Structure formats: structure tokens, C-alpha cells
Amino acid sequence: MVSNSSSTCVESLNYGIPVIIAGSKNGITQNPIPDSIPKYIWELCYSVDEFNFAIKRLLSTMDKNRVMKYNEIAKDIQKKYFEPVTKKGVMKFLQI
């Protein structure tokens, strides 16, 4: 998945899908991925060359073991950053 400054980056990682963040050369790069998420499942790129390298790296490592590792990361992300939608959870979110 390729994006920037969007929660969909973390949502993709939540499903074990690698992410490439398109960084800004001229402004502030908005990276929504927390520091606790391992760097090998995502890349931050500022140029076409970096993007091409990231695509090649992410695709070349997609074997059974790496997919299993990505799924482990996804489970960890689910525990740390997502919560099932429940009445209690919504009330907590709304601070009611």
C-alpha cells in the first residue's frame, strides 16, 4: 500500500500488508506509523529511486516466513492500536 498522512497506513499494517509512505521533499512529512512498528514492514521514501528500491525490497522478501512475520506484527498492532466497537468502548472514546 502506498500513501501518506493517513490512518489507512496503520490499517493496512493491521492486516499484515506492507506500506510505503510517500515523504515530502518540500514540506512536513506526515508519517502516521508509530515508532514501535518494525521498519522492515514499511518504508519512507522521498524519491523515485527510493520508491523503486522499497518496492523491490518488499516484494523480494515476500516468502512464507516473511508473511508469517507480517501476520505476527499485524496481531501485535491489533492489540496495541485497535479496539472492538462496543458500547463501553464508544463511551470511553467519547469520554462520557
# chains A, B, ... in the order shown; residues from 1 in each chain; ligands from 1
>>> residues_around(residues="Leu13 (chain A)", least_positions_apart="5", cutoff="7 Å", atoms="only C-alpha atoms", output="ChimeraX atom specification")
/A:18-19,74
>>> write_last_selection(atoms="C-alpha atoms", output="PDB file, in the first residue's frame")
ATOM      1  CA  PRO A  18       3.440  -3.684   3.855  1.00  0.00           C
ATOM      2  CA  VAL A  19       3.271   0.097   3.428  1.00  0.00           C
ATOM      3  CA  ALA A  74      -0.457  -7.402  12.480  1.00  0.00           C
TER       4      ALA A  74
END
>>> residues_around(residues="region 3-5 of chain A", least_positions_apart="5", cutoff="9 Å", atoms="only C-alpha atoms", output="number ranges by chain")
A: 19-23, 29-33
>>> residues_around(residues="Ala54 (chain A)", least_positions_apart="5", cutoff="9 Å", atoms="only C-alpha atoms", output="list in words")
Ile20, Trp42, Glu43, Leu44, Cys45, Asp49 and Leu59 of chain A
>>> write_last_selection(atoms="C-alpha atoms", output="PDB file, in the first residue's frame")
ATOM      1  CA  ILE A  20       5.283   2.712   1.587  1.00  0.00           C
ATOM      2  CA  TRP A  42       7.154  -0.320   5.897  1.00  0.00           C
ATOM      3  CA  GLU A  43       9.321   2.233   4.088  1.00  0.00           C
ATOM      4  CA  LEU A  44       9.516   6.019   3.982  1.00  0.00           C
ATOM      5  CA  CYS A  45      10.536   7.276   0.518  1.00  0.00           C
ATOM      6  CA  ASP A  49      14.761   5.793  -6.669  1.00  0.00           C
ATOM      7  CA  LEU A  59       8.453  -7.835  -2.986  1.00  0.00           C
TER       8      LEU A  59
END
>>> select_by_dssp(residues="chain A", states="alpha helix (DSSP H)", output="JSON list (two decimals) with N, CA and C atoms, in the first residue's frame")
[["chain", "number", "residue", "atom", "x", "y", "z"],
["A", 8, "THR", "N", -5.07, 4.93, 7.08],
["A", 8, "THR", "CA", -5.14, 3.70, 6.28],
["A", 8, "THR", "C", -3.78, 3.00, 6.24],
["A", 9, "CYS", "N", -2.70, 3.73, 6.48],
["A", 9, "CYS", "CA", -1.37, 3.10, 6.55],
["A", 9, "CYS", "C", -1.33, 2.11, 7.71],
["A", 10, "VAL", "N", -1.78, 2.54, 8.88],
["A", 10, "VAL", "CA", -1.78, 1.66, 10.05],
["A", 10, "VAL", "C", -2.82, 0.56, 9.87],
["A", 11, "GLU", "N", -3.94, 0.88, 9.24],
["A", 11, "GLU", "CA", -4.95, -0.14, 8.98],
["A", 11, "GLU", "C", -4.41, -1.23, 8.06],
["A", 12, "SER", "N", -3.64, -0.85, 7.05],
["A", 12, "SER", "CA", -3.04, -1.85, 6.16],
["A", 12, "SER", "C", -2.07, -2.74, 6.93],
["A", 13, "LEU", "N", -1.23, -2.13, 7.75],
["A", 13, "LEU", "CA", -0.31, -2.90, 8.57],
["A", 13, "LEU", "C", -1.06, -3.83, 9.51],
["A", 14, "ASN", "N", -2.23, -3.40, 9.95],
["A", 14, "ASN", "CA", -3.09, -4.21, 10.82],
["A", 14, "ASN", "C", -3.49, -5.52, 10.15],
["A", 48, "VAL", "N", 11.91, 8.85, -6.38],
["A", 48, "VAL", "CA", 11.52, 7.72, -7.23],
["A", 48, "VAL", "C", 12.49, 6.55, -7.02],
["A", 49, "ASP", "N", 13.78, 6.86, -6.89],
["A", 49, "ASP", "CA", 14.76, 5.79, -6.67],
["A", 49, "ASP", "C", 14.51, 5.06, -5.35],
["A", 50, "GLU", "N", 14.21, 5.82, -4.29],
["A", 50, "GLU", "CA", 13.90, 5.20, -3.01],
["A", 50, "GLU", "C", 12.62, 4.36, -3.10],
["A", 51, "PHE", "N", 11.65, 4.87, -3.83],
["A", 51, "PHE", "CA", 10.40, 4.14, -4.02],
["A", 51, "PHE", "C", 10.65, 2.82, -4.76],
["A", 52, "ASN", "N", 11.42, 2.88, -5.84],
["A", 52, "ASN", "CA", 11.72, 1.66, -6.60],
["A", 52, "ASN", "C", 12.47, 0.64, -5.74],
["A", 53, "PHE", "N", 13.43, 1.13, -4.95],
["A", 53, "PHE", "CA", 14.17, 0.24, -4.05],
["A", 53, "PHE", "C", 13.23, -0.40, -3.02],
["A", 54, "ALA", "N", 12.31, 0.39, -2.47],
["A", 54, "ALA", "CA", 11.37, -0.11, -1.46],
["A", 54, "ALA", "C", 10.46, -1.18, -2.06],
["A", 55, "ILE", "N", 9.95, -0.94, -3.26],
["A", 55, "ILE", "CA", 9.09, -1.93, -3.92],
["A", 55, "ILE", "C", 9.87, -3.23, -4.12],
["A", 56, "LYS", "N", 11.08, -3.13, -4.63],
["A", 56, "LYS", "CA", 11.89, -4.33, -4.87],
["A", 56, "LYS", "C", 12.18, -5.06, -3.57],
["A", 57, "ARG", "N", 12.54, -4.32, -2.51],
["A", 57, "ARG", "CA", 12.85, -4.95, -1.23],
["A", 57, "ARG", "C", 11.62, -5.64, -0.65],
["A", 58, "LEU", "N", 10.50, -4.96, -0.65],
["A", 58, "LEU", "CA", 9.29, -5.54, -0.06],
["A", 58, "LEU", "C", 8.80, -6.75, -0.85],
["A", 59, "LEU", "N", 8.89, -6.70, -2.17],
["A", 59, "LEU", "CA", 8.45, -7.83, -2.99],
["A", 59, "LEU", "C", 9.43, -9.01, -2.93],
["A", 60, "SER", "N", 10.71, -8.70, -2.86],
["A", 60, "SER", "CA", 11.70, -9.79, -2.87],
["A", 60, "SER", "C", 11.71, -10.58, -1.57],
["A", 64, "LYS", "N", 7.10, -17.30, 2.56],
["A", 64, "LYS", "CA", 6.18, -17.81, 3.59],
["A", 64, "LYS", "C", 6.58, -17.32, 4.98],
["A", 65, "ASN", "N", 7.88, -17.35, 5.28],
["A", 65, "ASN", "CA", 8.34, -16.90, 6.60],
["A", 65, "ASN", "C", 8.07, -15.42, 6.84],
["A", 66, "ARG", "N", 8.29, -14.62, 5.80],
["A", 66, "ARG", "CA", 8.08, -13.17, 5.95],
["A", 66, "ARG", "C", 6.58, -12.88, 6.12],
["A", 67, "VAL", "N", 5.75, -13.57, 5.37],
["A", 67, "VAL", "CA", 4.30, -13.37, 5.50],
["A", 67, "VAL", "C", 3.86, -13.75, 6.92],
["A", 68, "MET", "N", 4.41, -14.82, 7.45],
["A", 68, "MET", "CA", 4.08, -15.21, 8.83],
["A", 68, "MET", "C", 4.53, -14.13, 9.82],
["A", 69, "LYS", "N", 5.69, -13.55, 9.59],
["A", 69, "LYS", "CA", 6.20, -12.48, 10.45],
["A", 69, "LYS", "C", 5.30, -11.25, 10.35],
["A", 70, "TYR", "N", 4.88, -10.90, 9.13],
["A", 70, "TYR", "CA", 3.96, -9.77, 8.96],
["A", 70, "TYR", "C", 2.65, -10.01, 9.70],
["A", 71, "ASN", "N", 2.17, -11.24, 9.67],
["A", 71, "ASN", "CA", 0.93, -11.57, 10.39],
["A", 71, "ASN", "C", 1.11, -11.44, 11.90],
["A", 72, "GLU", "N", 2.29, -11.79, 12.41],
["A", 72, "GLU", "CA", 2.58, -11.60, 13.83],
["A", 72, "GLU", "C", 2.57, -10.11, 14.19],
["A", 73, "ILE", "N", 3.17, -9.30, 13.33],
["A", 73, "ILE", "CA", 3.17, -7.86, 13.54],
["A", 73, "ILE", "C", 1.75, -7.34, 13.53],
["A", 74, "ALA", "N", 0.94, -7.83, 12.59],
["A", 74, "ALA", "CA", -0.46, -7.40, 12.48],
["A", 74, "ALA", "C", -1.21, -7.70, 13.78],
["A", 75, "LYS", "N", -1.01, -8.87, 14.35],
["A", 75, "LYS", "CA", -1.68, -9.22, 15.60],
["A", 75, "LYS", "C", -1.26, -8.28, 16.72],
["A", 76, "ASP", "N", 0.02, -7.94, 16.75],
["A", 76, "ASP", "CA", 0.51, -7.01, 17.76],
["A", 76, "ASP", "C", -0.11, -5.62, 17.58],
["A", 77, "ILE", "N", -0.21, -5.17, 16.34],
["A", 77, "ILE", "CA", -0.84, -3.87, 16.04],
["A", 77, "ILE", "C", -2.29, -3.88, 16.47],
["A", 78, "GLN", "N", -3.00, -4.97, 16.19],
["A", 78, "GLN", "CA", -4.40, -5.08, 16.59],
["A", 78, "GLN", "C", -4.55, -4.93, 18.09],
["A", 79, "LYS", "N", -3.68, -5.56, 18.85],
["A", 79, "LYS", "CA", -3.75, -5.49, 20.32],
["A", 79, "LYS", "C", -3.44, -4.08, 20.83],
["A", 80, "LYS", "N", -2.43, -3.45, 20.24],
["A", 80, "LYS", "CA", -1.96, -2.16, 20.75],
["A", 80, "LYS", "C", -2.80, -0.95, 20.29],
["A", 81, "TYR", "N", -3.32, -1.01, 19.05],
["A", 81, "TYR", "CA", -3.88, 0.20, 18.47],
["A", 81, "TYR", "C", -5.36, 0.11, 18.08],
["A", 87, "LYS", "N", -20.29, -0.69, 23.16],
["A", 87, "LYS", "CA", -20.89, 0.49, 23.80],
["A", 87, "LYS", "C", -19.91, 1.09, 24.81],
["A", 88, "LYS", "N", -19.28, 0.23, 25.60],
["A", 88, "LYS", "CA", -18.30, 0.69, 26.59],
["A", 88, "LYS", "C", -17.13, 1.42, 25.92],
["A", 89, "GLY", "N", -16.64, 0.83, 24.83],
["A", 89, "GLY", "CA", -15.52, 1.44, 24.11],
["A", 89, "GLY", "C", -15.89, 2.80, 23.50],
["A", 90, "VAL", "N", -17.08, 2.91, 22.94],
["A", 90, "VAL", "CA", -17.54, 4.17, 22.36],
["A", 90, "VAL", "C", -17.68, 5.21, 23.44],
["A", 91, "MET", "N", -18.24, 4.84, 24.59],
["A", 91, "MET", "CA", -18.40, 5.77, 25.70],
["A", 91, "MET", "C", -17.03, 6.27, 26.19],
["A", 92, "LYS", "N", -16.07, 5.35, 26.26],
["A", 92, "LYS", "CA", -14.73, 5.72, 26.67],
["A", 92, "LYS", "C", -14.10, 6.67, 25.66],
["A", 93, "PHE", "N", -14.26, 6.36, 24.37],
["A", 93, "PHE", "CA", -13.72, 7.21, 23.30],
["A", 93, "PHE", "C", -14.31, 8.62, 23.36]]
>>> atom_distance(atom1="CA of Ser24 (chain A)", atom2="CA of Tyr46 (chain A)")
6.3 Å
